Amino acid sequence: MSKLEEFRAETRAWLEENCPPAMREPVRSFEDLYMGGRNPEIAHPEQKVWCDRMAARGWTVPHWPREYGGGGLDKEECKVLQQEMARINARRPLDSFGISMLGPALLQFGNEEQKLEHLPPICRGEIRWCQGYSEPNAGSDLASLQTRAEDQGDHYIINGQKVWTSYADKADWIFCLVRTDNSGSKHEGISFVLFDMDSPGVSTRPIRLISGSSPFCETFFDNVKADKRNLVGEEGKGWTIAKYLLTHEREMISGFGAAPKKSLGEAALETLGADASGRLGNGILRHTIAQYQLDALAFAATMSRVGDEAKAGQGLGAASSIFKYYGTELNKRRNELNIAIGGEAALGWEGEAYNGGVTSRDWLRSKGNSIEGGTSEVQLNIIAKRVLGLPD
Amino acid sequence: MALVLTEEQVMLKESAAGLLAEKAGVAQLRALRDADDELGFSRDVWQEVVAMGWPGIAVAEAYGGLGYGYTGLGLVLEQAGRHLSPTPLQASVLVGATAINELGSEAQKQALLPALAAGEVLVSLALQEGAQHAPEQTALTAVADGDGYTLTGNKILVLDALAADHFVVIARTAGSAGDSEGLTAFLVPAEAKGLTVERRSMVDSRGVGALRFDGLRLDADAVMGEPGQAWAGLSRTLDIANIGLASELLGLATEAFELTVAYLKERKQFGKLIGSFQGLQHRAAELFAELELARSIVLQALQAIDADDPELPKLASAAKAKLCEVAQRATNEGIQMHGGIGMTDEYDIGLFIKRARVAQHCFGDYNYHLDRFARLSGF
Ligand SMILES: Cc1cc2nc3c(=O)[nH]c(=O)nc-3n(C[C@H](O)[C@H](O)[C@H](O)COP(=O)(O)OP(=O)(O)OC[C@H]3O[C@@H](n4cnc5c(N)ncnc54)[C@H](O)[C@@H]3O)c2cc1C
């Protein structure tokens, strides 16, 4: 047996033994994702058990180095782990902004002390992070942000307001863009700092979304003290880090473009029935679904191709912008089709009859995909300018 | 299989780009068109293509080919698409040789594949009869007659018909139009008595013909495979043909797009480069994303041929449908973003839209293949 096959056999046996039955049930909505933290939201008691067991092996973030709490697995081993988890329908044990956003940025730009302090608690699901980027007057034009950080020797004093801060009311720490210098161009003078959301002077106010839940907040800083040990990279050079992190955020969000296990065509056939030739009766709807499925297939092939090309050292510039743009638009199309196929049943908001309204709420939530992490229009600007080299 | 080109494949792609750009590019297409050339391609240029070995790329080594697979041929076709190269690569190398390989008896393969791989012989498929691609609607009849058959009927859209040495003719020996059962493939020499080849002039200026069969007599050894059983081999031939055409369309659409982006960086209006207008930038960026998706699905489909993937029919229709959509959009946007100059014969973009629509139509267009994709996806 090759080493990889040995690894597969061990992994399979371990997963069989350790993955609790409830964690092999499909994820129905965002609430089923486990995000960890000091006061974790627990939809099912086995979520924490599963996370702890996986974390003990470093498998909540299998590709990070072992010294920072990851699994130290190479690409091939990660793939095997993924396949073996998929085989038993195991859920991801932990989802968090620490894993998908802050971690990659710290690994790239953090100093050793910062990595050792912040990465292991992310892997163990102990500290939950939120992202303090957007402000009321700095959305797409993020670099015009005005939250101020004053130099006080060994620490900063921070004043200002963030908005749309996802899970700010649940998070333990924040990675935050602040202005340390106002004298240069807007891209200069931005710094990337980390601080505890329990610090005096931090307050949050949840905002309710069209989908009914309140995952994001207005976040206020009133003379908040942030230790300089937690300045990542150089003071005033945070924009580079901010952009690097955004590419990771975009890749995470574009993952929503993945097609569901049961195809929309099959779902429609079950709900609406077939005509005499076995095809979906409504030809117009069938056409729209076919277009969606074709694009979803080509999108999945593109994700694989770009991944394989990166491994082979051939790269596509601005890949994350293409994925963010296309994947989120695709996810919106899928959700619109869910509404069209489901009809009245899909428009239900609450109650048993409507399965708690997941279809309509997911549909509404999907509208945010092409806004969060940089809007579709902003992605198209990036492709036009950075990839195609079109002029200003 | 990793969705990435090997070093060898990248080299093949580059050498194809070099030769086709120099010897069989848009300028040659124009020259052939303006001279009203009967064949629609140059035999001399074809000999140079042959010297590169490309006609044998996808033919198995046992039959004198390179055994390099369809992924390699697809890369050459992509370059042929970029340069609008008029050669029999599509008619004979992609479709003709594949038809012989998929439908022919061992003896027929031995007799023809080595010559096809060496570029000494040209074979073309005679399938379509009506205005739309509908293979099961084949009506041309082959009636058993002693120890042979008599063929009567018509074929159109036969690629490079005037240059072909042999035709693979799909005929009906049983059943009626609409049945996929009862179709038989015949190998017919171009000079056979009772066969008339007529040149047709299409919008893309390529060599296309119509065939008329007036009681043409064939011996039993002209039958390819089992009588009445051509459907499976024909379907696989068409899947491969469509993936090859999707490769061509990928190159064509990419080139049309790049021509257009170059123009956006050159033309000024309102005192600015038109490429600075966001209304155009976003349309260009969307098209770029679509082209990336197109490239991925074509590569996946090409690899599916070589890997004998059971999903081949579905991937073939996916690739052809997607490339029809993207090539149509790229050529339409290409003309629009050029403004008036895009409408002139002198400017190249018009040649791209013309070839695109013919390649889109051949062996089934967007509507045909999206419908087939849906059916093969179970709905
Ligand atoms: C669900 C959700 C979660 C979020 N989570 C977070 C979070 O955790 N942390 C955080 O910091 N932020 C978060 N955001 C904020 C998000 O990043 C911003 O909403 C986004 O960047 C857009 O900014 P804006 O809302 O100010 O819109 P605006 O920038 O005001 O945009 C309004 C419209 O104008 C368009 N537009 C703007 N500029 C241009 C241009 N140059 N060219 C063409 N069109 C343009 C936009 O595309 C959009 O259509 C979240 C947003 C959503 C919806």
# chains A, B, ... in the order shown; residues from 1 in each chain; ligands from 1
call {"tool": "select_by_dssp", "arguments": {"residues": "range 25-204 of chain A", "states": "helix (DSSP H, G or I)", "output": "ChimeraX atom specification"}}
result
/A:30-32,46-56,66-68,75-87,97-109,112-123,142-144
call {"tool": "residues_near_ligand", "arguments": {"ligand": "ligand 1", "cutoff": "9 Å", "atoms": "only C-alpha atoms and all ligand atoms", "output": "MDAnalysis selection string"}}
result
(chainID A and resid 97 130:142 162:168 176:177 209 215:217 365:381) or (chainID B and resid 278 282)
call {"tool": "residues_around", "arguments": {"residues": "Asn182 in chain A", "least_positions_apart": "2", "cutoff": "12 Å", "atoms": "only C-alpha atoms", "output": "CSV table (one decimal) with N, CA and C atoms, in the first residue's frame"}}
result
chain,number,residue,atom,x,y,z
A,143,ALA,N,-11.2,52.2,0.6
A,143,ALA,CA,-10.0,52.9,1.0
A,143,ALA,C,-10.3,54.3,1.6
A,144,SER,N,-11.5,54.7,1.4
A,144,SER,CA,-11.8,56.1,2.0
A,144,SER,C,-12.2,56.0,3.4
A,145,LEU,N,-12.0,54.8,4.1
A,145,LEU,CA,-12.4,54.6,5.5
A,145,LEU,C,-11.8,55.6,6.4
A,146,GLN,N,-12.5,56.0,7.5
A,146,GLN,CA,-12.1,57.1,8.4
A,146,GLN,C,-12.0,56.7,9.8
A,147,THR,N,-12.2,55.4,10.2
A,147,THR,CA,-12.0,55.1,11.6
A,147,THR,C,-10.6,55.4,12.0
A,148,ARG,N,-10.4,56.2,13.1
A,148,ARG,CA,-9.1,56.7,13.4
A,148,ARG,C,-8.4,55.9,14.5
A,149,ALA,N,-7.1,55.7,14.3
A,149,ALA,CA,-6.3,55.1,15.4
A,149,ALA,C,-5.2,56.1,15.8
A,150,GLU,N,-5.2,56.5,17.0
A,150,GLU,CA,-4.1,57.4,17.4
A,150,GLU,C,-3.0,56.7,18.1
A,178,VAL,N,-8.0,50.5,10.1
A,178,VAL,CA,-8.1,51.8,10.8
A,178,VAL,C,-7.1,52.8,10.0
A,179,ARG,N,-7.4,54.0,10.2
A,179,ARG,CA,-6.6,55.0,9.6
A,179,ARG,C,-5.6,55.6,10.6
A,180,THR,N,-4.3,55.3,10.3
A,180,THR,CA,-3.2,55.8,11.3
A,180,THR,C,-2.6,57.1,10.7
A,184,GLY,N,-1.4,61.2,3.3
A,184,GLY,CA,-1.1,60.8,2.0
A,184,GLY,C,-2.3,60.5,1.1
A,185,SER,N,-2.1,59.6,0.1
A,185,SER,CA,-3.3,59.2,-0.7
A,185,SER,C,-4.1,58.3,0.1
A,186,LYS,N,-5.4,58.0,-0.3
A,186,LYS,CA,-6.3,57.3,0.6
A,186,LYS,C,-5.8,55.8,0.8
A,187,HIS,N,-5.0,55.3,-0.1
A,187,HIS,CA,-4.6,53.9,0.1
A,187,HIS,C,-3.4,53.8,1.1
A,188,GLU,N,-2.8,55.0,1.3
A,188,GLU,CA,-1.7,55.0,2.3
A,188,GLU,C,-2.3,55.3,3.7
A,189,GLY,N,-1.6,55.0,4.7
A,189,GLY,CA,-2.1,55.4,6.1
A,189,GLY,C,-3.2,54.5,6.7
A,190,ILE,N,-3.4,53.4,6.0
A,190,ILE,CA,-4.4,52.4,6.6
A,190,ILE,C,-3.6,51.3,7.3
A,191,SER,N,-4.0,50.9,8.5
A,191,SER,CA,-3.3,49.9,9.2
A,191,SER,C,-4.3,48.8,9.6
A,236,GLY,N,0.5,51.8,8.6
A,236,GLY,CA,0.2,52.5,7.3
A,236,GLY,C,0.3,51.7,6.1
call {"tool": "interface_residues", "arguments": {"of": "chain A", "to": "chain B", "cutoff": "9 Å", "atoms": "only C-alpha atoms", "output": "PyMOL selection string"}}
result
chain A and resi 263+265-266+268-269+274+278-280+286-287+289-291+293-295+297-309+312+314+322-323+325-326+377+379-385+387-392
call {"tool": "residues_around", "arguments": {"residues": "Glu336 in chain A", "least_positions_apart": "5", "cutoff": "9 Å", "atoms": "only C-alpha atoms", "output": "ChimeraX atom specification"}}
result
/A:331,341,363
call {"tool": "atom_distance", "arguments": {"atom1": "CA of Thr359 in chain A", "atom2": "CA of Thr271 in chain A"}}
result
14.3 Å
call {"tool": "residues_around", "arguments": {"residues": "range 251-254 of chain B", "least_positions_apart": "4", "cutoff": "6 Å", "atoms": "only C-alpha atoms", "output": "list of chain:residue names"}}
result
B:Glu78, B:Gln79, B:Gly81, B:Arg82, B:Ala327, B:Ala330
call {"tool": "write_last_selection", "arguments": {"atoms": "N, CA and C atoms", "output": "PDB file, in the first residue's frame"}}
result
ATOM      1  N   GLU B  78      -8.224  24.570 -31.968  1.00  0.00           N
ATOM      2  CA  GLU B  78      -8.399  25.874 -31.314  1.00  0.00           C
ATOM      3  C   GLU B  78      -7.595  26.937 -32.063  1.00  0.00           C
ATOM      4  N   GLN B  79      -6.383  26.587 -32.430  1.00  0.00           N
ATOM      5  CA  GLN B  79      -5.560  27.549 -33.181  1.00  0.00           C
ATOM      6  C   GLN B  79      -6.128  27.781 -34.576  1.00  0.00           C
ATOM      7  N   GLY B  81      -9.147  27.832 -35.199  1.00  0.00           N
ATOM      8  CA  GLY B  81     -10.247  28.756 -34.949  1.00  0.00           C
ATOM      9  C   GLY B  81      -9.763  30.187 -34.795  1.00  0.00           C
ATOM     10  N   ARG B  82      -8.673  30.346 -34.093  1.00  0.00           N
ATOM     11  CA  ARG B  82      -8.114  31.681 -33.897  1.00  0.00           C
ATOM     12  C   ARG B  82      -7.772  32.342 -35.225  1.00  0.00           C
ATOM     13  N   ALA B 327     -19.453  32.013 -28.394  1.00  0.00           N
ATOM     14  CA  ALA B 327     -18.941  32.504 -29.685  1.00  0.00           C
ATOM     15  C   ALA B 327     -19.932  33.490 -30.295  1.00  0.00           C
ATOM     16  N   ALA B 330     -19.475  36.715 -28.322  1.00  0.00           N
ATOM     17  CA  ALA B 330     -18.178  37.370 -28.591  1.00  0.00           C
ATOM     18  C   ALA B 330     -18.174  38.025 -29.975  1.00  0.00           C
TER      19      ALA B 330
END
call {"tool": "closest_residue", "arguments": {"among": "A:Phe109, A:Gly125, A:Thr219, A:Met85", "to": "Gly70 in chain A", "atoms": "only C-alpha atoms"}}
result
A:Gly125
call {"tool": "residues_around", "arguments": {"residues": "Arg357 in chain B", "least_positions_apart": "5", "cutoff": "12 Å", "atoms": "only C-alpha atoms", "output": "PyMOL selection string"}}
result
chain B and resi 202-204+245+248-249+252-253+323-332+350-352+362-366
call {"tool": "atom_distance", "arguments": {"atom1": "CA of Lys79 in chain A", "atom2": "CA of Gln114 in chain A"}}
result
28.6 Å
call {"tool": "residues_around", "arguments": {"residues": "range 55-59 of chain B", "least_positions_apart": "6", "cutoff": "6 Å", "atoms": "only C-alpha atoms", "output": "ChimeraX atom specification"}}
result
/B:65-70,93,117,119
